[in-house]
$ cat structure_26.pdb   # PDB, C-alpha atoms
ATOM      1  CA  MET A   1      -5.995  55.377 179.504
ATOM      2  CA  GLY A   2      -3.496  52.579 178.875
ATOM      3  CA  ILE A   3      -0.311  51.928 180.808
ATOM      4  CA  LEU A   4       1.875  53.405 178.064
ATOM      5  CA  GLU A   5      -0.133  56.633 177.956
ATOM      6  CA  THR A   6      -0.033  56.890 181.758
ATOM      7  CA  VAL A   7       3.738  56.393 181.838
ATOM      8  CA  LEU A   8       4.333  58.933 179.080
ATOM      9  CA  LEU A   9       2.006  61.464 180.731
ATOM     10  CA  THR A  10       3.785  61.045 184.064
ATOM     11  CA  LEU A  11       7.215  61.452 182.480
ATOM     12  CA  SER A  12       6.068  64.490 180.485
ATOM     13  CA  CYS A  13       4.662  66.148 183.618
ATOM     14  CA  THR A  14       7.898  65.441 185.476
ATOM     15  CA  LEU A  15       9.992  66.955 182.700
ATOM     16  CA  LEU A  16       7.669  69.968 182.493
ATOM     17  CA  GLY A  17       8.072  70.429 186.258
ATOM     18  CA  ILE A  18      11.853  70.373 185.927
ATOM     19  CA  VAL A  19      11.792  72.984 183.151
ATOM     20  CA  ALA A  20       9.442  75.219 185.172
ATOM     21  CA  THR A  21      11.694  74.867 188.221
ATOM     22  CA  VAL A  22      14.741  75.866 186.181
ATOM     23  CA  ILE A  23      12.969  78.938 184.820
ATOM     24  CA  ILE A  24      11.739  80.041 188.263
ATOM     25  CA  TYR A  25      15.076  79.270 189.888
ATOM     26  CA  ASN A  26      16.923  81.140 187.151
ATOM     27  CA  SER A  27      14.755  84.258 187.533
ATOM     28  CA  ASN A  28      15.084  84.177 191.338
ATOM     29  CA  ILE A  29      18.872  83.894 191.108
ATOM     30  CA  ASN A  30      19.014  86.855 188.744
ATOM     31  CA  LYS A  31      16.803  88.944 191.038
ATOM     32  CA  THR A  32      18.648  88.011 194.211
ATOM     33  CA  LEU A  33      22.246  87.874 193.088
ATOM     34  CA  GLY A  34      22.251  89.871 189.901
ATOM     35  CA  GLU A  35      24.754  89.082 187.198
ATOM     36  CA  ASN A  36      27.730  88.578 189.501
ATOM     37  CA  SER A  37      30.117  85.658 189.206
ATOM     38  CA  LYS A  38      28.681  83.911 192.283
ATOM     39  CA  GLY A  39      25.246  83.826 190.661
ATOM     40  CA  ILE A  40      26.685  82.417 187.466
ATOM     41  CA  LYS A  41      28.530  79.656 189.374
ATOM     42  CA  ILE A  42      25.308  78.742 191.190
ATOM     43  CA  LEU A  43      23.490  78.544 187.853
ATOM     44  CA  GLU A  44      26.232  76.401 186.342
ATOM     45  CA  GLY A  45      25.919  73.998 189.259
ATOM     46  CA  SER A  46      22.126  73.941 188.896
ATOM     47  CA  PHE A  47      22.337  73.161 185.207
ATOM     48  CA  LYS A  48      24.801  70.344 185.907
ATOM     49  CA  ASP A  49      22.305  68.923 188.417
ATOM     50  CA  ILE A  50      19.496  69.203 185.888
ATOM     51  CA  LYS A  51      21.615  67.597 183.165
ATOM     52  CA  TYR A  52      22.389  64.726 185.538
ATOM     53  CA  THR A  53      18.696  64.366 186.467
ATOM     54  CA  ILE A  54      17.669  64.259 182.809
ATOM     55  CA  GLY A  55      20.324  61.576 182.200
ATOM     56  CA  VAL A  56      18.905  59.522 185.076
ATOM     57  CA  MET A  57      15.386  59.981 183.687
ATOM     58  CA  ARG A  58      16.512  58.891 180.210
ATOM     59  CA  SER A  59      18.072  55.761 181.705
ATOM     60  CA  ALA A  60      14.891  55.068 183.682
ATOM     61  CA  ILE A  61      12.760  55.482 180.553
ATOM     62  CA  ASN A  62      14.984  53.004 178.684
ATOM     63  CA  ARG A  63      14.725  50.463 181.525
ATOM     64  CA  LEU A  64      10.961  51.004 181.717
ATOM     65  CA  THR A  65      10.593  50.513 177.963
ATOM     66  CA  ILE A  66      12.556  47.254 178.062
ATOM     67  CA  GLY A  67      10.462  46.063 181.020
ATOM     68  CA  LEU A  68       7.226  46.899 179.228
ATOM     69  CA  PHE A  69       8.420  45.018 176.140
ATOM     70  CA  LYS A  70       9.308  41.973 178.225
ATOM     71  CA  LYS A  71       5.834  41.985 179.760
ATOM     72  CA  GLY A  72       4.289  42.294 176.295
ATOM     73  CA  ILE A  73       2.734  45.668 177.069
ATOM     74  CA  LEU A  74       4.453  47.645 174.301
ATOM     75  CA  THR A  75       3.559  45.098 171.643
ATOM     76  CA  GLU A  76       0.518  47.309 170.968
ATOM     77  CA  LEU A  77       2.895  49.703 169.215
ATOM     78  CA  PHE A  78       3.522  47.034 166.584
ATOM     79  CA  ILE A  79       0.261  45.054 166.495
ATOM     80  CA  VAL A  80      -3.267  46.447 166.334
ATOM     81  CA  GLY A  81      -5.709  44.527 168.503
ATOM     82  CA  GLU A  82      -8.275  44.089 165.757
ATOM     83  CA  SER A  83      -9.747  40.847 164.545
ATOM     84  CA  PRO A  84      -7.556  39.458 163.208
ATOM     85  CA  LEU A  85      -4.493  41.085 164.729
ATOM     86  CA  LYS A  86      -2.723  43.350 162.239
ATOM     87  CA  LEU A  87       0.684  44.986 162.077
ATOM     88  CA  THR A  88       0.887  48.723 162.616
ATOM     89  CA  GLU A  89       3.139  50.905 160.502
ATOM     90  CA  GLN A  90       5.734  50.646 163.301
ATOM     91  CA  GLY A  91       5.404  46.852 163.224
ATOM     92  CA  ILE A  92       6.050  46.772 159.494
ATOM     93  CA  LYS A  93       9.101  49.021 159.956
ATOM     94  CA  LEU A  94      10.368  46.872 162.837
ATOM     95  CA  LEU A  95      10.281  43.718 160.714
ATOM     96  CA  ASP A  96      12.075  45.477 157.892
ATOM     97  CA  ASN A  97      14.707  47.058 160.171
ATOM     98  CA  CYS A  98      15.452  43.902 162.166
ATOM     99  CA  GLY A  99      15.977  41.831 159.023
ATOM    100  CA  PHE A 100      12.979  39.511 159.384
ATOM    101  CA  ASN A 101      11.673  40.346 155.911
ATOM    102  CA  ASN A 102      14.994  39.253 154.381
ATOM    103  CA  ILE A 103      15.026  36.075 156.470
ATOM    104  CA  TYR A 104      11.430  35.229 155.589
ATOM    105  CA  GLY A 105      12.060  36.163 151.957
ATOM    106  CA  ASN A 106      14.444  33.196 151.771
ATOM    107  CA  ASN A 107      12.246  30.342 150.505
ATOM    108  CA  ASP A 108      14.059  27.720 152.605
ATOM    109  CA  ASN A 109      13.449  29.669 155.818
ATOM    110  CA  LYS A 110       9.857  30.438 154.892
ATOM    111  CA  GLU A 111       9.116  26.820 154.031
ATOM    112  CA  LYS A 112      10.772  25.569 157.232
ATOM    113  CA  LEU A 113       8.576  27.849 159.369
ATOM    114  CA  ILE A 114       5.388  27.055 157.468
ATOM    115  CA  GLN A 115       5.957  23.292 157.629
ATOM    116  CA  LEU A 116       6.631  23.403 161.383
ATOM    117  CA  ILE A 117       3.335  25.231 161.895
ATOM    118  CA  LYS A 118       1.376  22.904 159.617
ATOM    119  CA  LYS A 119       2.894  19.915 161.430
ATOM    120  CA  GLU A 120       1.022  21.036 164.577
ATOM    121  CA  ASN A 121      -2.242  20.502 162.636
ATOM    122  CA  PRO A 122      -4.026  23.750 163.528
ATOM    123  CA  GLN A 123      -7.823  23.494 163.389
ATOM    124  CA  SER A 124      -8.676  27.184 163.438
ATOM    125  CA  LYS A 125      -7.228  30.526 162.393
ATOM    126  CA  TYR A 126      -6.639  31.255 166.065
ATOM    127  CA  ASP A 127      -4.668  28.000 166.350
ATOM    128  CA  VAL A 128      -2.521  29.103 163.401
ATOM    129  CA  GLN A 129      -1.891  32.447 165.093
ATOM    130  CA  GLU A 130      -0.834  30.921 168.409
ATOM    131  CA  ILE A 131       1.184  28.094 166.854
ATOM    132  CA  SER A 132       2.974  30.603 164.610
ATOM    133  CA  LYS A 133       4.017  32.598 167.658
ATOM    134  CA  LYS A 134       5.052  29.455 169.558
ATOM    135  CA  VAL A 135       7.123  28.089 166.669
ATOM    136  CA  LEU A 136       8.978  31.347 166.066
ATOM    137  CA  ILE A 137       9.725  31.798 169.760
ATOM    138  CA  LEU A 138      10.920  28.190 170.099
ATOM    139  CA  LEU A 139      13.271  28.815 167.160
ATOM    140  CA  LYS A 140      14.721  32.036 168.604
ATOM    141  CA  ASP A 141      18.136  30.359 168.916
ATOM    142  CA  ASP A 142      18.083  29.056 165.342
ATOM    143  CA  PRO A 143      20.967  30.481 163.272
ATOM    144  CA  MET A 144      18.457  32.024 160.833
ATOM    145  CA  PHE A 145      17.557  34.579 163.536
ATOM    146  CA  ILE A 146      21.107  35.756 164.367
ATOM    147  CA  GLU A 147      20.545  39.114 162.610
ATOM    148  CA  ILE A 148      17.371  39.674 164.622
ATOM    149  CA  LYS A 149      19.306  38.902 167.814
ATOM    150  CA  LYS A 150      21.927  41.485 166.863
ATOM    151  CA  TYR A 151      19.204  44.032 166.137
ATOM    152  CA  ALA A 152      17.435  43.269 169.413
ATOM    153  CA  PHE A 153      20.656  43.641 171.392
ATOM    154  CA  ASN A 154      21.725  46.856 169.658
ATOM    155  CA  ASN A 155      18.293  48.429 170.124
ATOM    156  CA  GLY A 156      17.465  47.262 173.643
ATOM    157  CA  LEU A 157      14.597  45.061 172.489
ATOM    158  CA  ASP A 158      13.543  41.542 173.366
ATOM    159  CA  ILE A 159      13.792  38.985 170.552
ATOM    160  CA  VAL A 160      10.626  37.285 171.804
ATOM    161  CA  GLU A 161       8.659  40.487 171.202
ATOM    162  CA  ILE A 162      10.141  40.885 167.721
ATOM    163  CA  LEU A 163       9.298  37.281 166.857
ATOM    164  CA  SER A 164       5.777  37.744 168.243
ATOM    165  CA  VAL A 165       5.332  40.610 165.802
ATOM    166  CA  ALA A 166       6.865  38.517 162.985
ATOM    167  CA  SER A 167       4.458  35.679 163.726
ATOM    168  CA  ILE A 168       1.618  37.783 162.290
ATOM    169  CA  VAL A 169       3.265  37.694 158.848
ATOM    170  CA  VAL A 170       3.827  33.939 159.065
ATOM    171  CA  ARG A 171       0.281  33.401 160.361
ATOM    172  CA  ASP A 172      -1.195  35.141 157.336
ATOM    173  CA  GLU A 173       0.805  32.979 154.921
ATOM    174  CA  VAL A 174      -0.134  29.720 156.677
ATOM    175  CA  ILE A 175      -3.831  30.665 156.837
ATOM    176  CA  SER A 176      -3.747  31.472 153.139
ATOM    177  CA  GLN A 177      -2.181  28.106 152.312
ATOM    178  CA  LEU A 178      -4.449  26.093 154.603
ATOM    179  CA  ASN A 179      -7.601  27.868 153.403
ATOM    180  CA  SER A 180      -6.796  26.729 149.861
ATOM    181  CA  LEU A 181      -6.823  23.120 151.162
ATOM    182  CA  ARG A 182      -9.686  23.316 153.662
ATOM    183  CA  ASP A 183     -11.742  25.899 155.459
ATOM    184  CA  LEU A 184     -10.366  27.056 158.789
ATOM    185  CA  VAL A 185     -12.768  28.463 161.336
TER     186      VAL A 185
END

$ encode --input "structure_26.pdb" --output "structure tokens"
Amino acid sequence: MGILETVLLTLSCTLLGIVATVIIYNSNINKTLGENSKGIKILEGSFKDIKYTIGVMRSAINRLTIGLFKKGILTELFIVGESPLKLTEQGIKLLDNCGFNNIYGNNDNKEKLIQLIKKENPQSKYDVQEISKKVLILLKDDPMFIEIKKYAFNNGLDIVEILSVASIVVRDEVISQLNSLRDLV
């Protein structure tokens, strides 16, 4: 079981425990106190506590997600670890939503990225993959990526992770162009 599955299982079990506690607590209050106003006030206080706890858990999940992205662990949601690496459906949606497809659709931007990768003289398909990632990450402050930065900020994502996903698209284009000139291994 991967880290993501473990985290989600743990959080699900915790939430299930909270719901079970509320149900048991609620039935015990009704049995003990009946439907009097004191019982209702106790329940209101309990639900406020639970609402607060769920808010804290939501915040913790958001922080955990951002941390996992920064460590590269959640990249598996966007890239399938096959040979070669491929985008998942979520990866394709991410690139569309963040604006990368529009940026890369601009021939000047596309050509700039491709030429920077070719300039590194990759000798293998793996070299192209790693150089593509390196070039995109080094250019993260380039004005062409301002929309991706906005998207990353507004969605609590790391631009490096988004550009790592985008590098798969660029890699494929460069491999295609280089293979027409010479065979890459």

$ closest_residue --input "structure_26.pdb" --among "A:Gln115, A:Ser164, A:Asn109, A:Gln123" --to "Asp142 in chain A" --atoms "only C-alpha atoms"
A:Asn109

$ closest_residue --input "structure_26.pdb" --among "A:Tyr104, A:Lys119, A:Cys98, A:Ile168" --to "Asn155 in chain A" --atoms "all atoms listed in the file"
A:Cys98

$ resolve_selection --input "structure_26.pdb" --expression "the PyMOL selection byres ((chain A and resi 117) around 10)" --output "PDB file with C-alpha atoms, keeping the file's coordinate frame"
ATOM      1  CA  GLU A 111       9.116  26.820 154.031  1.00  0.00           C
ATOM      2  CA  LYS A 112      10.772  25.569 157.232  1.00  0.00           C
ATOM      3  CA  LEU A 113       8.576  27.849 159.369  1.00  0.00           C
ATOM      4  CA  ILE A 114       5.388  27.055 157.468  1.00  0.00           C
ATOM      5  CA  GLN A 115       5.957  23.292 157.629  1.00  0.00           C
ATOM      6  CA  LEU A 116       6.631  23.403 161.383  1.00  0.00           C
ATOM      7  CA  LYS A 118       1.376  22.904 159.617  1.00  0.00           C
ATOM      8  CA  LYS A 119       2.894  19.915 161.430  1.00  0.00           C
ATOM      9  CA  GLU A 120       1.022  21.036 164.577  1.00  0.00           C
ATOM     10  CA  ASN A 121      -2.242  20.502 162.636  1.00  0.00           C
ATOM     11  CA  PRO A 122      -4.026  23.750 163.528  1.00  0.00           C
ATOM     12  CA  ASP A 127      -4.668  28.000 166.350  1.00  0.00           C
ATOM     13  CA  VAL A 128      -2.521  29.103 163.401  1.00  0.00           C
ATOM     14  CA  GLN A 129      -1.891  32.447 165.093  1.00  0.00           C
ATOM     15  CA  GLU A 130      -0.834  30.921 168.409  1.00  0.00           C
ATOM     16  CA  ILE A 131       1.184  28.094 166.854  1.00  0.00           C
ATOM     17  CA  SER A 132       2.974  30.603 164.610  1.00  0.00           C
ATOM     18  CA  LYS A 133       4.017  32.598 167.658  1.00  0.00           C
ATOM     19  CA  LYS A 134       5.052  29.455 169.558  1.00  0.00           C
ATOM     20  CA  VAL A 135       7.123  28.089 166.669  1.00  0.00           C
ATOM     21  CA  LEU A 136       8.978  31.347 166.066  1.00  0.00           C
ATOM     22  CA  VAL A 170       3.827  33.939 159.065  1.00  0.00           C
ATOM     23  CA  ARG A 171       0.281  33.401 160.361  1.00  0.00           C
ATOM     24  CA  VAL A 174      -0.134  29.720 156.677  1.00  0.00           C
TER      25      VAL A 174
END

$ residues_around --input "structure_26.pdb" --residues "range 88-93 of chain A" --least-positions-apart "2" --cutoff "6 Å" --atoms "all atoms listed in the file" --output "ChimeraX atom specification"
/A:78-79,95-97

$ atom_distance --input "structure_26.pdb" --atom1 "CA of Thr53 in chain A" --atom2 "CA of Asp158 in chain A"
26.8 Å

$ atom_distance --input "structure_26.pdb" --atom1 "CA of Leu157 in chain A" --atom2 "CA of Glu173 in chain A"
25.4 Å

$ atom_distance --input "structure_26.pdb" --atom1 "CA of Leu138 in chain A" --atom2 "CA of Asn102 in chain A"
19.6 Å
